[in-house]
>>> print(open('run-v7.cif').read())   # mmCIF, C-alpha atoms
data_data
#
loop_
_atom_site.group_PDB
_atom_site.id
_atom_site.type_symbol
_atom_site.label_atom_id
_atom_site.label_comp_id
_atom_site.auth_asym_id
_atom_site.auth_seq_id
_atom_site.Cartn_x
_atom_site.Cartn_y
_atom_site.Cartn_z
ATOM 1 C CA MET A 1 26.513 86.972 3.266
ATOM 2 C CA ALA A 2 27.548 83.974 5.360
ATOM 3 C CA ALA A 3 31.139 84.422 4.299
ATOM 4 C CA THR A 4 31.122 88.106 5.299
ATOM 5 C CA GLY A 5 29.668 87.190 8.674
ATOM 6 C CA LYS A 6 32.411 84.660 9.195
ATOM 7 C CA THR A 7 35.091 87.180 8.237
ATOM 8 C CA ILE A 8 33.712 89.723 10.697
ATOM 9 C CA ARG A 9 33.669 87.099 13.401
ATOM 10 C CA ASN A 10 37.274 86.182 12.615
ATOM 11 C CA ILE A 11 38.360 89.800 12.794
ATOM 12 C CA ALA A 12 36.511 90.256 16.081
ATOM 13 C CA THR A 13 38.195 87.160 17.506
ATOM 14 C CA ALA A 14 41.595 88.403 16.391
ATOM 15 C CA LEU A 15 40.991 91.812 17.934
ATOM 16 C CA LEU A 16 39.868 90.242 21.199
ATOM 17 C CA ALA A 17 42.952 88.044 21.286
ATOM 18 C CA ALA A 18 45.217 91.030 20.575
ATOM 19 C CA GLY A 19 43.517 92.991 23.330
ATOM 20 C CA ALA A 20 43.925 90.168 25.806
ATOM 21 C CA LEU A 21 47.588 89.824 24.853
ATOM 22 C CA ALA A 22 48.187 93.540 25.325
ATOM 23 C CA THR A 23 46.546 93.411 28.740
ATOM 24 C CA PHE A 24 48.793 90.580 29.905
ATOM 25 C CA ALA A 25 51.929 92.005 28.372
ATOM 26 C CA THR A 26 51.475 95.439 29.947
ATOM 27 C CA PRO A 27 53.383 95.668 33.224
ATOM 28 C CA ALA A 28 51.518 97.112 36.227
ATOM 29 C CA PHE A 29 53.815 100.148 36.350
ATOM 30 C CA ALA A 30 52.723 101.263 32.899
ATOM 31 C CA GLN A 31 50.226 103.403 34.797
ATOM 32 C CA ARG A 32 52.980 105.464 36.411
ATOM 33 C CA ASP A 33 53.165 109.189 35.805
ATOM 34 C CA PRO A 34 55.813 109.732 33.080
ATOM 35 C CA ALA A 35 57.813 112.119 35.296
ATOM 36 C CA TYR A 36 57.765 109.567 38.107
ATOM 37 C CA ALA A 37 58.781 106.755 35.758
ATOM 38 C CA ALA A 38 61.654 108.871 34.413
ATOM 39 C CA ALA A 39 62.927 109.751 37.905
ATOM 40 C CA ARG A 40 62.913 106.090 38.863
ATOM 41 C CA ALA A 41 64.734 105.110 35.685
ATOM 42 C CA ASN A 42 67.465 107.747 35.978
ATOM 43 C CA GLY A 43 68.070 107.086 39.662
ATOM 44 C CA THR A 44 66.998 110.482 41.037
ATOM 45 C CA ILE A 45 64.664 108.670 43.396
ATOM 46 C CA GLY A 46 64.675 105.216 44.902
ATOM 47 C CA GLU A 47 62.745 102.774 47.066
ATOM 48 C CA LYS A 48 63.500 103.058 50.776
ATOM 49 C CA MET A 49 63.331 100.241 53.329
ATOM 50 C CA ASP A 50 60.431 101.922 55.113
ATOM 51 C CA GLY A 51 58.091 101.528 52.136
ATOM 52 C CA TYR A 52 58.345 105.082 50.825
ATOM 53 C CA LEU A 53 60.185 106.799 47.985
ATOM 54 C CA GLY A 54 63.332 108.753 48.776
ATOM 55 C CA PHE A 55 65.557 111.219 46.932
ATOM 56 C CA VAL A 56 69.040 110.072 46.059
ATOM 57 C CA GLY A 57 70.208 113.588 45.207
ATOM 58 C CA SER A 58 68.489 116.931 45.586
ATOM 59 C CA PRO A 59 65.276 116.930 43.565
ATOM 60 C CA SER A 60 63.679 119.724 41.589
ATOM 61 C CA GLY A 61 60.640 121.367 43.135
ATOM 62 C CA ASP A 62 58.267 119.666 40.741
ATOM 63 C CA LEU A 63 59.698 116.222 41.381
ATOM 64 C CA LYS A 64 59.622 116.739 45.142
ATOM 65 C CA LYS A 65 55.960 117.674 44.943
ATOM 66 C CA LEU A 66 55.193 114.628 42.831
ATOM 67 C CA VAL A 67 57.050 112.221 45.119
ATOM 68 C CA ASP A 68 55.624 113.757 48.298
ATOM 69 C CA ASP A 69 52.159 113.243 46.851
ATOM 70 C CA LEU A 70 52.913 109.605 45.984
ATOM 71 C CA ASN A 71 54.249 108.999 49.505
ATOM 72 C CA ILE A 72 51.128 110.515 51.044
ATOM 73 C CA ARG A 73 48.956 108.245 48.921
ATOM 74 C CA ARG A 74 51.162 105.293 49.782
ATOM 75 C CA LYS A 75 50.779 106.057 53.476
ATOM 76 C CA ALA A 76 46.989 106.225 53.141
ATOM 77 C CA SER A 77 46.963 102.767 51.551
ATOM 78 C CA TYR A 78 49.296 101.420 54.276
ATOM 79 C CA ALA A 79 47.060 102.860 56.994
ATOM 80 C CA ASP A 80 43.965 101.142 55.545
ATOM 81 C CA ARG A 81 45.641 97.782 55.228
ATOM 82 C CA ALA A 82 47.481 97.992 58.544
ATOM 83 C CA ARG A 83 44.170 98.602 60.285
ATOM 84 C CA SER A 84 42.483 95.618 58.651
ATOM 85 C CA GLN A 85 45.498 93.409 59.444
ATOM 86 C CA GLY A 86 45.782 94.623 63.013
ATOM 87 C CA VAL A 87 49.368 95.847 62.708
ATOM 88 C CA THR A 88 51.024 99.257 62.880
ATOM 89 C CA ILE A 89 51.404 101.401 59.762
ATOM 90 C CA GLU A 90 55.185 101.063 60.111
ATOM 91 C CA GLU A 91 55.008 97.280 60.163
ATOM 92 C CA PHE A 92 52.867 97.186 57.061
ATOM 93 C CA ALA A 93 54.976 99.820 55.309
ATOM 94 C CA PHE A 94 58.144 97.851 56.080
ATOM 95 C CA THR A 95 56.673 94.705 54.510
ATOM 96 C CA GLN A 96 55.587 96.718 51.489
ATOM 97 C CA GLY A 97 59.135 98.114 51.289
ATOM 98 C CA CYS A 98 60.591 94.584 51.216
ATOM 99 C CA LEU A 99 58.364 93.811 48.257
ATOM 100 C CA LEU A 100 58.999 97.093 46.430
ATOM 101 C CA ILE A 101 62.778 96.774 46.795
ATOM 102 C CA ALA A 102 62.676 93.166 45.617
ATOM 103 C CA ARG A 103 60.714 94.310 42.562
ATOM 104 C CA THR A 104 63.015 97.124 41.468
ATOM 105 C CA VAL A 105 64.432 96.576 38.010
ATOM 106 C CA ALA A 106 68.042 96.931 36.846
ATOM 107 C CA GLY A 107 69.221 100.539 36.983
ATOM 108 C CA GLU A 108 66.753 101.661 39.671
ATOM 109 C CA LYS A 109 67.896 102.785 43.109
ATOM 110 C CA TYR A 110 67.002 101.147 46.404
ATOM 111 C CA GLN A 111 68.075 101.465 50.000
ATOM 112 C CA ALA A 112 70.222 98.580 51.275
ATOM 113 C CA PRO A 113 69.937 97.281 54.882
ATOM 114 C CA ASP A 114 72.896 99.492 55.878
ATOM 115 C CA GLY A 115 70.959 102.575 54.712
ATOM 116 C CA SER A 116 73.078 103.256 51.626
ATOM 117 C CA TRP A 117 71.625 103.806 48.162
ATOM 118 C CA GLN A 118 72.325 100.953 45.796
ATOM 119 C CA THR A 119 71.715 100.583 42.089
ATOM 120 C CA ARG A 120 69.838 97.413 41.265
ATOM 121 C CA GLY A 121 71.957 95.182 39.103
ATOM 122 C CA SER A 122 71.035 91.969 37.358
ATOM 123 C CA GLY A 123 71.116 89.996 40.620
ATOM 124 C CA PRO A 124 68.661 90.144 43.513
ATOM 125 C CA ALA A 125 68.398 93.292 45.641
ATOM 126 C CA ARG A 126 69.933 93.330 49.137
ATOM 127 C CA VAL A 127 66.896 93.268 51.396
ATOM 128 C CA ASP A 128 66.635 93.427 55.168
ATOM 129 C CA PRO A 129 67.043 89.997 56.816
ATOM 130 C CA ARG A 130 63.631 90.500 58.443
ATOM 131 C CA CYS A 131 61.977 90.592 55.016
ATOM 132 C CA PRO A 132 59.957 87.506 54.119
ATOM 133 C CA ALA A 133 61.613 85.504 51.358
ATOM 134 C CA ALA A 134 58.538 85.628 49.141
ATOM 135 C CA GLY A 135 58.230 88.455 46.727
ATOM 136 C CA MET B 1 60.892 54.257 74.574
ATOM 137 C CA SER B 2 61.036 52.307 77.781
ATOM 138 C CA GLY B 3 57.745 53.475 79.084
ATOM 139 C CA ALA B 4 59.416 56.258 80.926
ATOM 140 C CA ARG B 5 56.907 58.943 81.618
ATOM 141 C CA TRP B 6 57.851 62.553 81.344
ATOM 142 C CA LYS B 7 56.208 65.424 82.971
ATOM 143 C CA ALA B 8 56.707 69.072 82.404
ATOM 144 C CA ARG B 9 56.004 71.580 85.070
ATOM 145 C CA LEU B 10 56.495 75.258 85.500
ATOM 146 C CA THR B 11 59.386 76.258 87.652
ATOM 147 C CA PRO B 12 58.027 78.200 90.615
ATOM 148 C CA ALA B 13 60.025 81.296 89.762
ATOM 149 C CA ALA B 14 58.688 81.467 86.234
ATOM 150 C CA ALA B 15 55.121 80.409 86.891
ATOM 151 C CA GLY B 16 53.803 83.908 86.343
ATOM 152 C CA ALA B 17 56.154 84.943 83.545
ATOM 153 C CA ASN B 18 54.978 85.417 79.968
ATOM 154 C CA THR B 19 57.651 83.254 78.409
ATOM 155 C CA ALA B 20 56.849 80.339 80.766
ATOM 156 C CA PRO B 21 60.158 78.499 80.751
ATOM 157 C CA MET B 22 59.612 74.787 81.214
ATOM 158 C CA GLU B 23 61.665 72.342 83.160
ATOM 159 C CA ILE B 24 61.396 68.775 82.057
ATOM 160 C CA GLN B 25 61.668 66.299 84.890
ATOM 161 C CA ARG B 26 62.108 62.623 84.666
ATOM 162 C CA GLY B 27 59.185 60.801 86.241
ATOM 163 C CA ILE B 28 58.823 57.094 86.991
ATOM 164 C CA ALA B 29 61.716 55.305 85.304
ATOM 165 C CA PRO B 30 64.666 54.359 87.454
ATOM 166 C CA GLY B 31 67.946 53.719 85.731
ATOM 167 C CA TRP B 32 67.835 49.915 86.055
ATOM 168 C CA GLN B 33 64.412 49.768 84.409
ATOM 169 C CA ARG B 34 65.685 51.688 81.483
ATOM 170 C CA LEU B 35 68.690 49.421 81.206
ATOM 171 C CA ILE B 36 66.528 46.313 81.088
ATOM 172 C CA ALA B 37 64.164 47.881 78.567
ATOM 173 C CA CYS B 38 67.066 49.056 76.512
ATOM 174 C CA GLY B 39 68.684 45.631 76.597
ATOM 175 C CA THR B 40 65.453 43.915 75.591
ATOM 176 C CA MET B 41 65.036 46.317 72.783
ATOM 177 C CA ALA B 42 68.639 45.926 71.697
ATOM 178 C CA ALA B 43 68.164 42.154 71.535
ATOM 179 C CA GLY B 44 64.975 42.562 69.557
ATOM 180 C CA LEU B 45 66.457 45.033 67.206
ATOM 181 C CA SER B 46 69.921 43.533 66.971
ATOM 182 C CA ALA B 47 69.772 44.010 63.222
ATOM 183 C CA LEU B 48 69.771 47.729 63.785
ATOM 184 C CA GLY B 49 72.516 47.377 66.347
ATOM 185 C CA ALA B 50 71.820 50.657 68.088
ATOM 186 C CA CYS B 51 70.070 51.801 71.196
ATOM 187 C CA VAL B 52 69.065 55.414 71.340
ATOM 188 C CA ASN B 53 69.301 57.118 74.681
ATOM 189 C CA VAL B 54 67.268 60.199 75.292
ATOM 190 C CA ASN B 55 68.507 62.425 78.063
ATOM 191 C CA ALA B 56 66.642 65.332 79.559
ATOM 192 C CA PRO B 57 68.619 68.567 79.177
ATOM 193 C CA ALA B 58 69.992 70.035 82.370
ATOM 194 C CA GLU B 59 68.741 73.560 81.684
ATOM 195 C CA PRO B 60 65.083 74.506 81.486
ATOM 196 C CA ILE B 61 63.806 74.796 77.924
ATOM 197 C CA VAL B 62 62.735 78.332 77.094
ATOM 198 C CA ILE B 63 60.920 78.861 73.839
ATOM 199 C CA GLU B 64 61.244 82.316 72.341
ATOM 200 C CA LEU B 65 57.928 83.069 70.688
ATOM 201 C CA ASN B 66 58.473 86.692 69.731
ATOM 202 C CA VAL B 67 60.628 85.945 66.676
ATOM 203 C CA ASN B 68 58.166 83.445 65.239
ATOM 204 C CA ILE B 69 55.199 85.731 65.729
ATOM 205 C CA LYS B 70 57.039 88.560 63.997
ATOM 206 C CA GLN B 71 57.851 86.365 60.996
ATOM 207 C CA GLU B 72 54.307 85.008 60.873
ATOM 208 C CA VAL B 73 52.910 88.541 60.815
ATOM 209 C CA LEU B 74 55.278 89.544 58.031
ATOM 210 C CA TYR B 75 54.257 86.624 55.850
ATOM 211 C CA ARG B 76 50.579 87.425 56.317
ATOM 212 C CA LEU B 77 51.232 91.022 55.349
ATOM 213 C CA VAL B 78 53.011 90.094 52.123
ATOM 214 C CA ASP B 79 49.763 88.961 50.528
ATOM 215 C CA SER B 80 48.081 92.228 51.419
ATOM 216 C CA ALA B 81 51.098 94.218 50.186
ATOM 217 C CA GLU B 82 51.034 92.418 46.838
ATOM 218 C CA GLU B 83 47.342 93.141 46.523
ATOM 219 C CA ASN B 84 48.055 96.787 47.323
ATOM 220 C CA ILE B 85 50.444 97.050 44.352
ATOM 221 C CA GLU B 86 47.907 95.424 42.048
ATOM 222 C CA GLU B 87 45.102 97.700 43.162
ATOM 223 C CA ASN B 88 47.132 100.937 43.186
ATOM 224 C CA PRO B 89 49.757 100.521 40.465
ATOM 225 C CA GLU B 90 50.044 104.278 39.892
ATOM 226 C CA ILE B 91 51.550 104.992 43.337
ATOM 227 C CA PHE B 92 54.151 102.211 43.267
#
>>> encode(input="run-v7.cif", output="structure tokens")
Amino acid sequence: MAATGKTIRNIATALLAAGALATFATPAFAQRDPAYAAARANGTIGEKMDGYLGFVGSPSGDLKKLVDDLNIRRKASYADRARSQGVTIEEFAFTQGCLLIARTVAGEKYQAPDGSWQTRGSGPARVDPRCPAAG
Amino acid sequence: MSGARWKARLTPAAAGANTAPMEIQRGIAPGWQRLIACGTMAAGLSALGACVNVNAPAEPIVIELNVNIKQEVLYRLVDSAEENIEENPEIF
């Protein structure tokens, strides 16, 4: 009986550890809509300097709807935080854009300070000189 | 270093301006006093063998605050922006 109890406890511990590991190993963007994740990965859309998503080419109707919706939700979050920080939505969105561009991964598109679309390589992204260095 | 006292005062033209340019004026410290003080100090610090002269700049000093405030705001916002990504991962 005691041995069985111990075994169960060991299994429970192992499961807990595995769960914790999975939680840490899962990147935040695992919660992205698959269609959104795919469009990011294949470079149909990219991160703009103003903190919103932009289309690199001409998107399909479905993708446009999806991205427009994400941008609307992004703007709502910017508005909330801008208000509590006492800055304009544009100022907050710009800062968010600095961060989002810095966090693109290789192969994704982002807007460079000159306004052109760039593909993120292995090096750092070209961010606006006004962007804070942290990120 | 020689007990020279410095005073800053607003130039009359800029007294009401936001940027408040400052003109630094030399107060009580005639040249000969400084020379004596400098010489005394040089003797005392002969091992160092140098006497540092500080001269007031000819032009008024204007400090541009706008740039610093902008940067300070941006840095404060970064924390909030990072939090935003963590709290709403599905839209980023």
>>> residues_around(input="run-v7.cif", residues="Thr95 in chain A", least_positions_apart="2", cutoff="12 Å", atoms="all atoms listed in the file", output="PyMOL selection string")
(chain A and resi 48-52+78+81-82+87-93+97-102+127-135) or (chain B and resi 70-82+84)
>>> interface_residues(input="run-v7.cif", of="chain A", to="chain B", cutoff="7 Å", atoms="only C-alpha atoms", output="JSON, numbers by chain")
{"A": [28, 29, 31, 32, 70, 73, 74, 92, 95, 96, 132]}
>>> atom_distance(input="run-v7.cif", atom1="CA of Gly54 in chain A", atom2="CA of Glu83 in chain B")
22.5 Å
>>> atom_distance(input="run-v7.cif", atom1="CA of Lys75 in chain A", atom2="CA of Pro34 in chain A")
21.3 Å
>>> atom_distance(input="run-v7.cif", atom1="CA of Asp62 in chain A", atom2="CA of Asp114 in chain A")
29.2 Å
